[in-house]
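Reproduced below: start-v9.pdb, with PDB, C-alpha atoms.
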```pdb
ATOM      1  CA  MET A 248       9.075  22.366   3.195
ATOM      2  CA  LEU A 249      11.848  19.800   3.510
ATOM      3  CA  GLU A 250      13.702  21.989   6.007
ATOM      4  CA  SER A 251      11.011  21.194   8.583
ATOM      5  CA  VAL A 252      11.605  17.452   8.218
ATOM      6  CA  GLY A 253      15.297  17.612   7.366
ATOM      7  CA  ALA A 254      16.391  16.300  10.761
ATOM      8  CA  LEU A 255      14.107  13.297  10.362
ATOM      9  CA  THR A 256      15.044  12.458   6.787
ATOM     10  CA  GLY A 257      18.694  12.829   7.732
ATOM     11  CA  SER A 258      18.419  10.248  10.492
ATOM     12  CA  PRO A 259      18.254   6.450  10.356
ATOM     13  CA  TRP A 260      14.994   6.856  12.278
ATOM     14  CA  ILE A 261      13.334   7.744   8.969
ATOM     15  CA  TYR A 262      13.344   4.031   8.104
ATOM     16  CA  ALA A 263      11.503   3.216  11.334
ATOM     17  CA  VAL A 264       8.979   5.989  10.699
ATOM     18  CA  VAL A 265       8.352   4.754   7.158
ATOM     19  CA  ALA A 266       8.095   1.131   8.273
ATOM     20  CA  LEU A 267       5.689   1.845  11.128
ATOM     21  CA  SER A 268       3.452   4.124   9.081
ATOM     22  CA  VAL A 269       3.212   1.591   6.244
ATOM     23  CA  LEU A 270       2.793  -1.333   8.646
ATOM     24  CA  PHE A 271      -0.072   0.207  10.582
ATOM     25  CA  ASP A 272      -1.982   1.927   7.787
ATOM     26  CA  VAL A 273      -3.573  -1.427   7.002
ATOM     27  CA  PHE A 274      -5.470  -0.899  10.281
ATOM     28  CA  VAL A 275      -5.578   2.917  10.209
ATOM     29  CA  PRO A 276      -5.858   3.840   6.499
ATOM     30  CA  VAL A 277      -5.717   7.574   7.278
ATOM     31  CA  LEU A 278      -2.038   7.308   8.223
ATOM     32  CA  PRO A 279      -0.037   9.325   5.643
ATOM     33  CA  SER A 280       2.379   6.529   4.767
ATOM     34  CA  GLY A 281       2.471   7.458   1.085
ATOM     35  CA  VAL A 282       3.159  11.097   1.939
ATOM     36  CA  ILE A 283       6.065  10.118   4.211
ATOM     37  CA  VAL A 284       7.578   7.847   1.562
ATOM     38  CA  ILE A 285       7.280  10.531  -1.114
ATOM     39  CA  MET A 286       8.766  13.250   1.103
ATOM     40  CA  SER A 287      11.716  11.015   2.011
ATOM     41  CA  ALA A 288      12.360  10.147  -1.627
ATOM     42  CA  THR A 289      12.110  13.830  -2.607
ATOM     43  CA  ALA A 290      14.703  14.666   0.043
ATOM     44  CA  ALA A 291      16.996  11.999  -1.408
ATOM     45  CA  ALA A 292      16.593  13.481  -4.879
ATOM     46  CA  ALA A 293      17.378  16.967  -3.558
ATOM     47  CA  ALA A 294      20.632  15.748  -2.025
ATOM     48  CA  GLY A 295      21.499  13.914  -5.213
ATOM     49  CA  THR A 296      21.203  17.117  -7.244
ATOM     50  CA  GLY A 297      23.231  19.045  -4.695
ATOM     51  CA  ALA A 298      20.443  21.367  -3.656
ATOM     52  CA  ALA A 299      22.459  23.256  -1.059
ATOM     53  CA  GLY A 300      20.633  24.547   1.966
ATOM     54  CA  GLN A 301      17.418  22.690   1.257
ATOM     55  CA  VAL A 302      18.242  19.403   2.988
ATOM     56  CA  PRO A 303      20.533  20.015   5.957
ATOM     57  CA  HIS A 304      21.441  16.407   6.680
ATOM     58  CA  ALA A 305      22.170  13.175   4.876
ATOM     59  CA  VAL A 306      19.078  11.569   3.435
ATOM     60  CA  PRO A 307      17.873   7.946   3.199
ATOM     61  CA  ASP A 308      19.107   5.598   0.536
ATOM     62  CA  ILE A 309      16.527   5.136  -2.210
ATOM     63  CA  MET A 310      16.827   1.358  -2.415
ATOM     64  CA  MET A 311      16.699   0.973   1.365
ATOM     65  CA  LEU A 312      13.673   3.239   1.483
ATOM     66  CA  MET A 313      11.855   1.147  -1.117
ATOM     67  CA  LEU A 314      12.835  -2.127   0.570
ATOM     68  CA  CYS A 315      11.673  -0.817   3.936
ATOM     69  CA  ALA A 316       8.298   0.330   2.585
ATOM     70  CA  ALA A 317       7.696  -2.871   0.604
ATOM     71  CA  THR A 318       8.627  -5.158   3.504
ATOM     72  CA  ALA A 319       6.420  -3.251   5.949
ATOM     73  CA  SER A 320       3.560  -3.404   3.453
ATOM     74  CA  VAL A 321       3.738  -7.198   3.219
ATOM     75  CA  LEU A 322       4.098  -7.615   6.983
ATOM     76  CA  GLY A 323       1.049  -5.425   7.589
ATOM     77  CA  ASP A 324      -0.956  -7.393   5.042
ATOM     78  CA  MET A 325      -0.055 -10.676   6.675
ATOM     79  CA  VAL A 326      -0.879  -9.442  10.190
ATOM     80  CA  ALA A 327      -4.335  -8.344   9.010
ATOM     81  CA  PHE A 328      -4.711 -11.593   7.051
ATOM     82  CA  ARG A 329      -3.879 -13.722  10.109
ATOM     83  CA  LEU A 330      -6.136 -11.748  12.424
ATOM     84  CA  ALA A 331      -9.036 -12.131  10.013
ATOM     85  CA  TRP A 332      -8.210 -15.831   9.521
ATOM     86  CA  ARG A 333      -8.477 -16.476  13.253
ATOM     87  CA  GLY A 334     -11.589 -14.374  13.246
ATOM     88  CA  GLY A 335     -14.010 -14.377  16.077
ATOM     89  CA  GLU A 336     -17.646 -13.541  16.428
ATOM     90  CA  ARG A 337     -17.114  -9.766  16.507
ATOM     91  CA  LEU A 338     -14.952  -9.772  13.391
ATOM     92  CA  ASP A 339     -17.298 -12.111  11.544
ATOM     93  CA  ARG A 340     -20.241  -9.845  12.354
ATOM     94  CA  ALA A 341     -18.308  -6.767  11.258
ATOM     95  CA  ILE A 342     -17.456  -8.359   7.923
ATOM     96  CA  ALA A 343     -21.010  -9.563   7.435
ATOM     97  CA  ARG A 344     -22.291  -6.024   8.007
ATOM     98  CA  SER A 345     -19.807  -4.491   5.553
ATOM     99  CA  ARG A 346     -20.892  -4.709   1.941
ATOM    100  CA  ARG A 347     -17.392  -3.744   0.796
ATOM    101  CA  LEU A 348     -15.701  -6.452   2.849
ATOM    102  CA  THR A 349     -18.223  -9.106   1.816
ATOM    103  CA  SER A 350     -17.890  -8.180  -1.851
ATOM    104  CA  ALA A 351     -14.096  -8.118  -1.662
ATOM    105  CA  GLN A 352     -14.084 -11.488   0.082
ATOM    106  CA  GLU A 353     -16.162 -13.063  -2.680
ATOM    107  CA  ARG A 354     -14.280 -11.480  -5.576
ATOM    108  CA  LEU A 355     -10.864 -12.127  -4.087
ATOM    109  CA  GLY A 356     -11.715 -15.732  -3.379
ATOM    110  CA  THR A 357     -12.687 -16.257  -7.011
ATOM    111  CA  ALA A 358      -9.586 -14.464  -8.305
ATOM    112  CA  LEU A 359      -7.138 -16.358  -6.080
ATOM    113  CA  ALA A 360      -8.780 -19.695  -6.811
ATOM    114  CA  ARG A 361      -8.142 -19.095 -10.509
ATOM    115  CA  GLY A 362      -4.505 -18.230  -9.886
ATOM    116  CA  GLY A 363      -4.916 -14.540 -10.555
ATOM    117  CA  GLY A 364      -4.568 -12.093  -7.683
ATOM    118  CA  VAL A 365      -4.170  -8.891  -9.684
ATOM    119  CA  LEU A 366      -6.979  -7.519  -7.535
ATOM    120  CA  VAL A 367      -4.586  -7.605  -4.565
ATOM    121  CA  VAL A 368      -2.079  -5.454  -6.458
ATOM    122  CA  ILE A 369      -4.667  -2.972  -7.706
ATOM    123  CA  ALA A 370      -6.305  -2.652  -4.292
ATOM    124  CA  ARG A 371      -2.940  -1.725  -2.727
ATOM    125  CA  PHE A 372      -3.182   1.656  -4.454
ATOM    126  CA  ALA A 373      -6.833   2.306  -3.558
ATOM    127  CA  PRO A 374      -7.785   4.135  -0.345
ATOM    128  CA  ALA A 375      -8.458   1.451   2.288
ATOM    129  CA  GLY A 376      -8.242  -1.165  -0.473
ATOM    130  CA  ARG A 377      -5.321  -2.880   1.188
ATOM    131  CA  SER A 378      -7.291  -3.265   4.425
ATOM    132  CA  ILE A 379     -10.376  -4.616   2.693
ATOM    133  CA  VAL A 380      -8.465  -7.148   0.610
ATOM    134  CA  SER A 381      -6.208  -8.397   3.432
ATOM    135  CA  LEU A 382      -9.093  -8.801   5.866
ATOM    136  CA  GLY A 383     -11.310 -10.290   3.163
ATOM    137  CA  ALA A 384      -8.711 -12.871   2.164
ATOM    138  CA  GLY A 385      -8.130 -13.883   5.776
ATOM    139  CA  ALA A 386     -11.832 -14.079   6.607
ATOM    140  CA  ALA A 387     -12.361 -16.261   3.528
ATOM    141  CA  HIS A 388      -9.608 -18.582   4.823
ATOM    142  CA  ARG A 389      -7.564 -18.340   1.642
ATOM    143  CA  ARG A 390      -4.268 -20.205   1.783
ATOM    144  CA  VAL A 391      -1.117 -18.230   2.548
ATOM    145  CA  ARG A 392       0.572 -19.443  -0.617
ATOM    146  CA  GLU A 393      -2.313 -17.999  -2.619
ATOM    147  CA  PHE A 394      -2.234 -14.584  -0.966
ATOM    148  CA  LEU A 395       1.394 -13.936   0.012
ATOM    149  CA  PRO A 396       2.976 -13.756  -3.484
ATOM    150  CA  TRP A 397       0.383 -11.225  -4.622
ATOM    151  CA  SER A 398       0.787  -9.243  -1.426
ATOM    152  CA  ALA A 399       4.547  -9.136  -2.011
ATOM    153  CA  LEU A 400       4.040  -7.993  -5.609
ATOM    154  CA  ALA A 401       1.582  -5.354  -4.430
ATOM    155  CA  GLY A 402       4.003  -4.076  -1.792
ATOM    156  CA  VAL A 403       6.890  -3.821  -4.251
ATOM    157  CA  ALA A 404       4.709  -2.123  -6.873
ATOM    158  CA  TRP A 405       3.308   0.423  -4.412
ATOM    159  CA  ALA A 406       6.660   1.148  -2.770
ATOM    160  CA  GLY A 407       8.423   1.445  -6.121
ATOM    161  CA  TYR A 408       5.758   3.772  -7.502
ATOM    162  CA  SER A 409       5.729   6.005  -4.407
ATOM    163  CA  VAL A 410       9.518   6.229  -4.175
ATOM    164  CA  ALA A 411       9.813   6.892  -7.904
ATOM    165  CA  LEU A 412       7.255   9.704  -7.697
ATOM    166  CA  GLY A 413       9.135  11.443  -4.905
ATOM    167  CA  TYR A 414      12.579  10.852  -6.342
ATOM    168  CA  PHE A 415      11.936  11.886  -9.926
ATOM    169  CA  GLY A 416       9.697  14.741  -8.825
ATOM    170  CA  GLY A 417      12.590  16.026  -6.730
ATOM    171  CA  GLN A 418      15.038  15.483  -9.576
ATOM    172  CA  TRP A 419      12.975  17.420 -12.082
ATOM    173  CA  LEU A 420      11.382  20.103  -9.908
ATOM    174  CA  GLY A 421      13.722  20.326  -6.934
ATOM    175  CA  ALA A 422      12.950  20.012  -3.228
ATOM    176  CA  THR A 423       9.934  22.296  -3.384
ATOM    177  CA  TRP A 424       6.256  22.275  -2.527
ATOM    178  CA  LEU A 425       5.595  21.940  -6.256
ATOM    179  CA  ALA A 426       7.580  18.708  -6.543
ATOM    180  CA  THR A 427       5.870  17.160  -3.536
ATOM    181  CA  GLY A 428       2.444  18.384  -4.636
ATOM    182  CA  VAL A 429       2.812  16.960  -8.145
ATOM    183  CA  SER A 430       4.018  13.630  -6.739
ATOM    184  CA  LEU A 431       1.110  13.443  -4.313
ATOM    185  CA  LEU A 432      -1.370  14.259  -7.065
ATOM    186  CA  ALA A 433       0.040  11.365  -9.094
ATOM    187  CA  LEU A 434      -0.279   9.084  -6.071
ATOM    188  CA  PHE A 435      -3.865  10.148  -5.441
ATOM    189  CA  ALA A 436      -4.689   9.750  -9.142
ATOM    190  CA  ALA A 437      -3.406   6.179  -9.036
ATOM    191  CA  GLY A 438      -5.516   5.610  -5.928
ATOM    192  CA  ALA A 439      -8.644   6.952  -7.593
ATOM    193  CA  GLY A 440      -8.051   4.775 -10.648
ATOM    194  CA  ALA A 441      -7.442   1.721  -8.490
ATOM    195  CA  ALA A 442     -10.595   2.382  -6.473
ATOM    196  CA  PHE A 443     -12.608   2.531  -9.695
ATOM    197  CA  LEU A 444     -11.159  -0.749 -10.933
ATOM    198  CA  VAL A 445     -11.715  -2.504  -7.602
ATOM    199  CA  ARG A 446     -15.356  -1.431  -7.378
ATOM    200  CA  ARG A 447     -16.432  -2.136 -10.931
ATOM    201  CA  PRO A 448     -17.405  -5.664 -12.037
ATOM    202  CA  THR A 449     -14.502  -7.435 -13.690
ATOM    203  CA  THR A 450     -14.042 -10.630 -15.633
ATOM    204  CA  ALA A 451     -12.300 -12.041 -12.563
ATOM    205  CA  SER A 452     -15.609 -12.059 -10.725
ATOM    206  CA  ARG A 453     -17.742 -13.429 -13.546
ATOM    207  CA  PRO A 454     -18.116 -17.089 -14.363
ATOM    208  CA  THR A 455     -16.194 -18.193 -17.406
ATOM    209  CA  THR A 456     -17.988 -19.814 -20.294
ATOM    210  CA  ALA A 457     -16.776 -22.925 -21.989
ATOM    211  CA  SER A 458     -15.457 -22.401 -25.480
TER     212      SER A 458
END
```
Spell out the structure here as C-alpha cells.
Amino acid sequence: MLESVGALTGSPWIYAVVALSVLFDVFVPVLPSGVIVIMSATAAAAAGTGAAGQVPHAVPDIMMLMLCAATASVLGDMVAFRLAWRGGERLDRAIARSRRLTSAQERLGTALARGGGVLVVIARFAPAGRSIVSLGAGAAHRRVREFLPWSALAGVAWAGYSVALGYFGGQWLGATWLATGVSLLALFAAGAGAAFLVRRPTTASRPTTAS
C-alpha cells in the first residue's frame, strides 16, 4: 500500500499535501486529511524499523508532520471563524436553517462564556464537527481570545492522536494494510465517540444552580 504513495511521502511536498488537506477540510469535510496524516506517519514508522523495500524514499519527520497538521488545523478554524464573523445575509440564512449550526452556536457560546471550550476540542474529532463549531463560534461573534486557545488545543490533540495512530500502528504491525486499517478504525471510533458527546445534552449547556 505504501509503495503507491512512497514517492509522495518521500518528498517535502508531503507537508504541503497534509497542510492543504487539513486546512480545507473545515470547508470540505469529506477531504481525507486524517487518512493522509495516518499514512504519512505509518510510512515514517516503517522507515524507522528498517522495513526494506516497503518505503522507497525518505519519509517525513514525525514532529514536523504533527506541527504541520496542527498549524493547518488552527488556520482553517480561524478562516472559517472569520468568514462566519463577517457573515452576510446568505450565511446568516444558512445558519438559521441548520439545526446543527444553531444548536452548536448556542452551546458553544455558553461554554466559551464560562471559560470552558472543551466542546471545541471534542468536536475536532467528530465528522464535520470542526466546521460546525468554527462557523458557529464566528456567527455568534465570540471573541478571538475565547476561541483561539481552544482551537489550538483541539488542533494539537487531533494532530497528535492521528500521528500517534499511524506511527505506533506502523511500529507494531509494519507498513501494511492491517496497520493502516487498524489506525483508521481507531480514528473513526474516536470520531463516533466525539459525535455522540457533541450531540448529547451536557452540563455545559445547562444552567447552573446556586449552591
What's the 9 Å shell around range 317-328 of chain A, counting only C-alpha atoms, without same-chain residues fewer than 6 positions away, as a PyMOL selection string?
chain A and resi 265-274+377-378+380-386+388+391+394-395+398-407
Shell of 6 Å around range 428-439 of chain A, all atoms listed in the file, local chain residues under 5 positions omitted, as a list in words:
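Selected residues are Phe372, Ala373, Leu412 and Gly413 of chain A.
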Please compute the CA of Ala370 in chain A-CA of Tyr262 in chain A distance, one decimal, in Å.
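So the answer is 24.2 Å.
Proximity of A:Ala292, A:Met313, A:Pro279, A:Asp308 to Tyr408 in chain A, computed with all atoms listed in the file, is greatest for A:Met313.
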Top pick for closest residue to Trp419 in chain A, considering A:Ala293, A:Val264, A:Leu314, A:Trp332 and counting all atoms listed in the file
A:Ala293
Please, what distance in Å, to one decimal, runs between CA of Arg333 in chain A and CA of Ile369 in chain A?
25.2 Å
Pick out the closest residue to Val277 in chain A from this set: A:Val410, A:Ala290, A:Leu420, A:Ala375. Count only C-alpha atoms.
A:Ala375
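Reported to one decimal place, the separation of CA of Ala263 in chain A from CA of Ala288 in chain A is 14.7 Å.
Using only C-alpha atoms, the smallest distance between any of A:Leu444, A:Val368, A:Leu425, A:Ala316 and Val284 in chain A comes from A:Ala316.
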Quick one: of A:Leu278, A:Ala291, A:Ile285, A:Ala387, who's nearest to Thr427 in chain A, counting only C-alpha atoms?
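The shortest atom-to-atom distance to Thr427 in chain A comes from A:Ile285.
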As lines of an AutoDock Vina configuration file, please: the centre and edge lengths in Å, to one decimal, of an axis-aligned box enclosing every listed atom of range 314-319 of chain A with 3 Å added on each side.
```
center_x = 9.6
center_y = -2.4
center_z = 3.3
size_x = 12.4
size_y = 11.5
size_z = 11.4
```
